[in-house]
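Enquirer: My questions will all concern the structure given below.
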Amino acid sequence: MKLILSIIEEIWGLFVDDGSLAVLSIILIAAVTAAVKLFGLPGAWGGLVLGVGCLAILTFSVDRAVRGNRS
Amino acid sequence: MLTTILSTVTASFLASVVEVVEAFTIVLAVGLTQSWRPALIGTGAALALLAVLVLIFGPLLALVPIEALQFVVGVLLILFGMRWLRKAILRTVGVIALHDEAKAFAKQTDALSKQSSEQRADWMAGLAAFKAVLLEGTEVVFIVIAVGATRGLTLYAGLGALAAFVVVMIVGLAVHKPLSRVPENALKFVVGLMLTSFGIFWAGEGIGADWSGADLSLVGIFVIVTAAAWVLTQRYAPTSAPLAGGTAK
(Lines give C-alpha, C1' and ligand atoms only; values in the text may rest on other atoms or scores of the structure.)
Protein backbone atom coordinates (compact mmCIF):
# COMPACT_ATOMS: atom_id res chain seq x y z
CA MET A 1 0.00 0.00 0.00
CA LYS A 2 2.84 2.33 0.96
CA LEU A 3 4.53 1.55 -2.34
CA ILE A 4 1.37 2.25 -4.35
CA LEU A 5 0.84 5.53 -2.50
CA SER A 6 4.41 6.62 -3.14
CA ILE A 7 4.05 5.73 -6.83
CA ILE A 8 0.82 7.75 -7.08
CA GLU A 9 2.55 10.61 -5.28
CA GLU A 10 5.48 10.46 -7.71
CA ILE A 11 3.18 10.39 -10.74
CA TRP A 12 1.29 13.41 -9.38
CA GLY A 13 4.67 15.05 -8.87
CA LEU A 14 5.43 14.63 -12.57
CA PHE A 15 2.94 17.34 -13.36
CA VAL A 16 2.59 19.32 -10.16
CA ASP A 17 5.60 20.69 -8.34
CA ASP A 18 4.86 24.32 -7.68
CA GLY A 19 1.10 24.22 -7.09
CA SER A 20 0.46 27.74 -8.36
CA LEU A 21 2.24 27.02 -11.65
CA ALA A 22 -0.07 24.06 -12.29
CA VAL A 23 -3.24 25.84 -11.14
CA LEU A 24 -2.55 28.98 -13.17
CA SER A 25 -1.73 26.87 -16.24
CA ILE A 26 -5.01 24.96 -15.92
CA ILE A 27 -6.96 28.21 -15.46
CA LEU A 28 -5.25 29.71 -18.53
CA ILE A 29 -5.96 26.65 -20.68
CA ALA A 30 -9.59 26.51 -19.51
CA ALA A 31 -10.08 30.23 -20.18
CA VAL A 32 -8.53 30.08 -23.66
CA THR A 33 -10.53 26.95 -24.52
CA ALA A 34 -13.74 28.63 -23.39
CA ALA A 35 -12.88 31.78 -25.35
CA VAL A 36 -12.32 29.78 -28.54
CA LYS A 37 -15.09 27.21 -28.21
CA LEU A 38 -17.82 29.31 -26.58
CA PHE A 39 -17.11 32.93 -27.46
CA GLY A 40 -15.77 32.56 -30.99
CA LEU A 41 -12.18 33.75 -30.45
CA PRO A 42 -10.28 32.73 -33.61
CA GLY A 43 -8.18 29.59 -32.99
CA ALA A 44 -4.96 31.28 -34.06
CA TRP A 45 -5.49 33.99 -31.44
CA GLY A 46 -6.28 31.30 -28.90
CA GLY A 47 -2.94 29.62 -29.63
CA LEU A 48 -1.13 32.95 -29.34
CA VAL A 49 -2.78 33.79 -26.01
CA LEU A 50 -1.99 30.29 -24.76
CA GLY A 51 1.70 30.63 -25.64
CA VAL A 52 2.08 34.12 -24.20
CA GLY A 53 0.09 33.12 -21.11
CA CYS A 54 2.30 30.09 -20.46
CA LEU A 55 5.43 32.23 -20.63
CA ALA A 56 3.86 34.83 -18.33
CA ILE A 57 2.99 32.12 -15.79
CA LEU A 58 6.50 30.69 -16.00
CA THR A 59 7.98 34.16 -15.45
CA PHE A 60 5.69 34.77 -12.48
CA SER A 61 6.54 31.40 -10.93
CA VAL A 62 10.31 31.79 -11.39
CA ASP A 63 10.17 35.36 -10.10
CA ARG A 64 8.26 34.27 -7.00
CA ALA A 65 10.70 31.45 -6.27
CA VAL A 66 13.76 33.68 -6.72
CA ARG A 67 12.35 36.46 -4.55
CA GLY A 68 11.29 33.96 -1.88
CA ASN A 69 14.76 32.46 -1.84
CA ARG A 70 16.75 35.69 -1.86
CA SER A 71 14.67 37.76 0.57
CA MET B 1 7.36 16.11 -41.32
CA LEU B 2 11.11 15.68 -40.90
CA THR B 3 11.09 18.54 -38.39
CA THR B 4 8.44 16.76 -36.34
CA ILE B 5 10.22 13.38 -36.47
CA LEU B 6 13.56 14.91 -35.50
CA SER B 7 12.10 16.93 -32.65
CA THR B 8 10.12 13.91 -31.46
CA VAL B 9 13.16 11.60 -31.42
CA THR B 10 15.38 14.25 -29.83
CA ALA B 11 12.89 15.14 -27.09
CA SER B 12 12.28 11.49 -26.31
CA PHE B 13 16.00 10.64 -26.32
CA LEU B 14 17.12 13.53 -24.12
CA ALA B 15 14.27 13.18 -21.62
CA SER B 16 14.83 9.44 -21.40
CA VAL B 17 18.57 9.89 -20.80
CA VAL B 18 17.76 11.92 -17.69
CA GLU B 19 15.30 9.30 -16.40
CA VAL B 20 17.45 6.26 -17.23
CA VAL B 21 20.49 7.83 -15.55
CA GLU B 22 18.44 8.34 -12.36
CA ALA B 23 17.16 4.77 -12.39
CA PHE B 24 20.64 3.44 -13.19
CA THR B 25 22.07 5.17 -10.11
CA ILE B 26 19.64 3.36 -7.79
CA VAL B 27 20.02 -0.03 -9.48
CA LEU B 28 23.81 0.33 -9.36
CA ALA B 29 23.66 1.21 -5.67
CA VAL B 30 21.53 -1.89 -5.00
CA GLY B 31 23.82 -4.11 -7.07
CA LEU B 32 27.04 -2.93 -5.48
CA THR B 33 25.78 -2.66 -1.89
CA GLN B 34 23.53 -5.70 -1.62
CA SER B 35 23.97 -7.98 -4.61
CA TRP B 36 23.10 -8.03 -8.29
CA ARG B 37 20.35 -10.63 -7.85
CA PRO B 38 17.76 -8.33 -6.16
CA ALA B 39 18.89 -5.44 -8.39
CA LEU B 40 18.21 -7.41 -11.56
CA ILE B 41 15.02 -9.05 -10.27
CA GLY B 42 13.62 -5.67 -9.17
CA THR B 43 14.58 -4.09 -12.49
CA GLY B 44 13.15 -6.99 -14.51
CA ALA B 45 9.87 -6.98 -12.56
CA ALA B 46 9.45 -3.23 -13.05
CA LEU B 47 10.17 -3.45 -16.79
CA ALA B 48 7.70 -6.36 -17.10
CA LEU B 49 5.00 -4.39 -15.25
CA LEU B 50 5.63 -1.36 -17.47
CA ALA B 51 5.36 -3.55 -20.57
CA VAL B 52 2.04 -4.99 -19.34
CA LEU B 53 0.68 -1.50 -18.61
CA VAL B 54 1.73 -0.28 -22.06
CA LEU B 55 0.14 -3.32 -23.72
CA ILE B 56 -3.11 -2.81 -21.79
CA PHE B 57 -3.44 0.97 -22.08
CA GLY B 58 -1.55 1.59 -25.34
CA PRO B 59 -4.31 0.34 -27.68
CA LEU B 60 -6.88 2.46 -25.81
CA LEU B 61 -5.17 5.59 -27.16
CA ALA B 62 -6.28 4.63 -30.66
CA LEU B 63 -9.88 4.92 -29.49
CA VAL B 64 -9.51 8.55 -28.41
CA PRO B 65 -10.45 11.13 -31.08
CA ILE B 66 -7.29 12.84 -32.34
CA GLU B 67 -8.41 16.35 -31.38
CA ALA B 68 -9.16 15.27 -27.81
CA LEU B 69 -5.86 13.37 -27.65
CA GLN B 70 -3.93 16.42 -28.86
CA PHE B 71 -5.62 18.61 -26.29
CA VAL B 72 -5.11 16.24 -23.32
CA VAL B 73 -1.51 15.48 -24.29
CA GLY B 74 -0.89 19.20 -24.86
CA VAL B 75 -2.22 20.11 -21.42
CA LEU B 76 -0.14 17.39 -19.74
CA LEU B 77 2.95 18.44 -21.69
CA ILE B 78 2.48 22.07 -20.66
CA LEU B 79 2.30 21.01 -17.00
CA PHE B 80 5.17 18.54 -17.31
CA GLY B 81 7.39 20.72 -19.52
CA MET B 82 6.92 23.96 -17.57
CA ARG B 83 7.70 22.11 -14.35
CA TRP B 84 11.01 20.85 -15.80
CA LEU B 85 11.79 24.23 -17.32
CA ARG B 86 11.08 26.12 -14.11
CA LYS B 87 13.27 23.76 -12.11
CA ALA B 88 16.08 23.96 -14.67
CA ILE B 89 15.94 27.77 -14.65
CA LEU B 90 15.98 27.86 -10.84
CA ARG B 91 18.95 25.48 -10.80
CA THR B 92 20.76 27.55 -13.42
CA VAL B 93 20.36 30.74 -11.38
CA GLY B 94 21.39 28.97 -8.18
CA VAL B 95 18.06 29.06 -6.33
CA ILE B 96 17.85 25.29 -5.95
CA ALA B 97 20.71 22.83 -5.79
CA LEU B 98 21.82 20.93 -8.86
CA HIS B 99 20.85 17.27 -8.88
CA ASP B 100 23.92 15.25 -7.97
CA GLU B 101 23.99 11.60 -9.04
CA ALA B 102 27.01 10.88 -6.83
CA LYS B 103 25.09 12.25 -3.83
CA ALA B 104 21.97 10.24 -4.75
CA PHE B 105 24.15 7.14 -5.07
CA ALA B 106 25.79 7.75 -1.69
CA LYS B 107 22.38 8.30 -0.04
CA GLN B 108 20.96 5.10 -1.51
CA THR B 109 24.11 3.11 -0.64
CA ASP B 110 23.97 4.41 2.92
CA ALA B 111 20.30 3.44 3.31
CA LEU B 112 20.94 -0.04 1.88
CA SER B 113 24.00 -0.58 4.08
CA LYS B 114 21.96 0.22 7.18
CA GLN B 115 19.43 -2.47 6.36
CA SER B 116 21.90 -5.03 4.97
CA SER B 117 21.94 -6.98 8.23
CA GLU B 118 18.15 -7.34 8.26
CA GLN B 119 16.61 -10.62 7.18
CA ARG B 120 14.59 -8.96 4.46
CA ALA B 121 17.58 -7.01 3.11
CA ASP B 122 17.43 -8.65 -0.32
CA TRP B 123 13.71 -8.00 -0.57
CA MET B 124 14.11 -4.34 0.45
CA ALA B 125 16.98 -3.87 -2.01
CA GLY B 126 14.98 -5.48 -4.82
CA LEU B 127 12.03 -3.25 -3.94
CA ALA B 128 14.25 -0.15 -4.15
CA ALA B 129 15.38 -1.16 -7.64
CA PHE B 130 11.81 -2.04 -8.64
CA LYS B 131 10.44 1.30 -7.45
CA ALA B 132 13.19 3.35 -9.10
CA VAL B 133 12.84 1.62 -12.46
CA LEU B 134 9.03 1.70 -12.33
CA LEU B 135 8.86 5.41 -11.50
CA GLU B 136 11.51 6.56 -13.94
CA GLY B 137 10.11 4.12 -16.51
CA THR B 138 6.63 5.59 -16.07
CA GLU B 139 8.07 8.99 -16.90
CA VAL B 140 9.74 7.57 -20.01
CA VAL B 141 6.47 5.91 -21.11
CA PHE B 142 4.58 9.17 -20.59
CA ILE B 143 7.17 11.12 -22.56
CA VAL B 144 7.12 8.59 -25.42
CA ILE B 145 3.32 8.69 -25.59
CA ALA B 146 3.14 12.45 -25.16
CA VAL B 147 5.63 13.38 -27.86
CA GLY B 148 4.69 10.57 -30.24
CA ALA B 149 1.03 9.65 -30.02
CA THR B 150 -0.57 12.78 -31.44
CA ARG B 151 1.10 12.40 -34.85
CA GLY B 152 1.42 8.63 -34.97
CA LEU B 153 5.13 8.90 -34.16
CA THR B 154 5.12 6.67 -31.09
CA LEU B 155 7.53 4.28 -32.80
CA TYR B 156 10.07 7.08 -33.40
CA ALA B 157 9.63 8.34 -29.84
CA GLY B 158 10.07 4.78 -28.57
CA LEU B 159 13.26 4.42 -30.61
CA GLY B 160 14.58 7.64 -29.05
CA ALA B 161 13.89 6.23 -25.57
CA LEU B 162 15.43 2.88 -26.49
CA ALA B 163 18.55 4.63 -27.78
CA ALA B 164 18.79 6.52 -24.49
CA PHE B 165 18.51 3.24 -22.56
CA VAL B 166 21.21 1.59 -24.67
CA VAL B 167 23.60 4.57 -24.44
CA VAL B 168 23.22 4.89 -20.66
CA MET B 169 23.66 1.14 -20.17
CA ILE B 170 26.79 1.01 -22.32
CA VAL B 171 28.38 4.03 -20.63
CA GLY B 172 27.16 2.98 -17.18
CA LEU B 173 28.45 -0.57 -17.43
CA ALA B 174 31.75 0.69 -18.83
CA VAL B 175 32.43 3.18 -16.03
CA HIS B 176 30.67 1.09 -13.36
CA LYS B 177 29.80 4.09 -11.21
CA PRO B 178 27.06 6.76 -11.07
CA LEU B 179 26.96 8.90 -14.20
CA SER B 180 27.49 12.09 -12.27
CA ARG B 181 29.16 13.86 -15.20
CA VAL B 182 26.02 13.80 -17.31
CA PRO B 183 25.00 17.48 -17.60
CA GLU B 184 21.57 16.72 -16.18
CA ASN B 185 20.42 20.29 -15.72
CA ALA B 186 21.38 21.25 -19.26
CA LEU B 187 19.46 18.21 -20.53
CA LYS B 188 16.46 19.06 -18.37
CA PHE B 189 16.62 22.63 -19.62
CA VAL B 190 16.52 21.57 -23.27
CA VAL B 191 13.84 18.93 -22.64
CA GLY B 192 11.76 21.44 -20.65
CA LEU B 193 11.96 23.85 -23.59
CA MET B 194 10.98 21.13 -26.07
CA LEU B 195 8.12 19.69 -24.01
CA THR B 196 6.70 23.13 -23.23
CA SER B 197 6.84 23.98 -26.95
CA PHE B 198 5.18 20.67 -27.85
CA GLY B 199 2.55 21.32 -25.17
CA ILE B 200 1.66 24.80 -26.45
CA PHE B 201 1.56 23.45 -30.02
CA TRP B 202 -0.64 20.41 -29.27
CA ALA B 203 -2.96 22.15 -26.81
CA GLY B 204 -3.31 24.94 -29.38
CA GLU B 205 -4.16 22.43 -32.11
CA GLY B 206 -6.60 20.77 -29.71
CA ILE B 207 -8.54 24.00 -29.21
CA GLY B 208 -8.51 24.71 -32.95
CA ALA B 209 -5.47 26.93 -33.45
CA ASP B 210 -4.50 26.63 -37.08
CA TRP B 211 -0.79 27.36 -36.67
CA SER B 212 0.57 29.11 -39.72
CA GLY B 213 3.40 27.08 -41.24
CA ALA B 214 1.89 23.91 -39.74
CA ASP B 215 4.62 21.78 -38.12
CA LEU B 216 7.27 24.42 -38.79
CA SER B 217 5.53 26.70 -36.31
CA LEU B 218 6.73 24.25 -33.65
CA VAL B 219 10.25 25.54 -34.36
CA GLY B 220 9.00 29.12 -33.99
CA ILE B 221 7.34 28.31 -30.65
CA PHE B 222 10.56 26.59 -29.49
CA VAL B 223 12.64 29.66 -30.39
CA ILE B 224 10.27 31.99 -28.51
CA VAL B 225 10.14 29.75 -25.42
CA THR B 226 13.96 29.44 -25.51
CA ALA B 227 14.35 33.21 -25.76
CA ALA B 228 12.00 33.73 -22.81
CA ALA B 229 13.85 31.13 -20.70
CA TRP B 230 17.18 32.71 -21.61
CA VAL B 231 15.92 36.15 -20.56
CA LEU B 232 14.81 34.67 -17.23
CA THR B 233 18.21 33.07 -16.58
CA GLN B 234 19.95 36.37 -17.40
CA ARG B 235 17.55 38.42 -15.32
CA TYR B 236 17.97 36.26 -12.23
CA ALA B 237 21.60 35.23 -12.76
CA PRO B 238 23.35 35.11 -9.39
CA THR B 239 25.57 38.08 -8.64
CA SER B 240 27.81 35.86 -6.51
CA ALA B 241 28.72 32.17 -6.71
CA PRO B 242 25.78 29.76 -7.21
CA LEU B 243 24.20 28.42 -4.06
CA ALA B 244 24.95 24.87 -3.01
CA GLY B 245 21.37 24.41 -1.92
CA GLY B 246 18.09 26.22 -1.75
CA THR B 247 14.61 26.22 -0.46
CA ALA B 248 12.38 26.96 -3.40
CA LYS B 249 10.03 24.16 -4.37
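Following the order of the C-alpha coordinates, first chain is A, next is B, and so on, with residues numbered from 1 inside each chain and ligands from 1 in the order they appear.
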Leaving out A:Ile27 and any residue of its chain fewer than 6 positions from it, which residues lie within 12 Å of it when counting only C-alpha atoms, given as a ChimeraX atom specification?

Expert: /A:20-21,33-34,50,53-54,57 /B:75,79

Enquirer: Would you list which chain A residues are within 7 Å of chain B using only C-alpha atoms, as a ChimeraX atom specification?

Expert: /A:7,14-15,17-18,22,33,36,43-44,46-47,50-51,58,62,65-66,69

Enquirer: Could you pull the residues within 8 Å of B:Gly137, counting only C-alpha atoms, minus those fewer than 2 positions along the same chain, as a PyMOL selection string?

Expert: chain B and resi 19-20+47+50+133-135+139-141

Enquirer: Would you please work out which residue, of B:Asn185, B:Thr109, B:Thr226, B:Thr3, is nearest to B:Ala15 when using only C-alpha atoms?

Expert: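 When distances to B:Ala15 are compared using only C-alpha atoms, the smallest one comes from B:Asn185.
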
Enquirer: Figure out the distance between atom CA of B:Leu69 and atom CA of B:Ala149, please, to one decimal in Å.

Expert: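 The value is 8.2 Å.
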
Enquirer: Give the helix (DSSP H, G or I) residues of stretch 29-206 of chain B, as DSSP finds them on the backbone, and put them as a PyMOL selection string.

Expert: chain B and resi 29-33+36-61+66-92+101-114+121-151+154-175+184-206

Enquirer: Please measure the separation of atom CA of B:Leu162 and atom CA of A:Trp12, giving the value in Å to one decimal.

Expert: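 Calculated distance between atom CA of B:Leu162 and atom CA of A:Trp12 is 24.6 Å.
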
Enquirer: What's around B:Gly31 at 12 Å? Count only C-alpha atoms, leave out sequence neighbours fewer than 4 positions away in its own chain, and write the answer as a PyMOL selection string.

Expert: chain B and resi 24-27+35-43+105+108-109+112-113+122+125-126+128-129+173+176-177

Enquirer: How far is it from atom CA of B:Gly192 to atom CA of B:Ile170, in Å with one decimal?

Expert: 25.4 Å
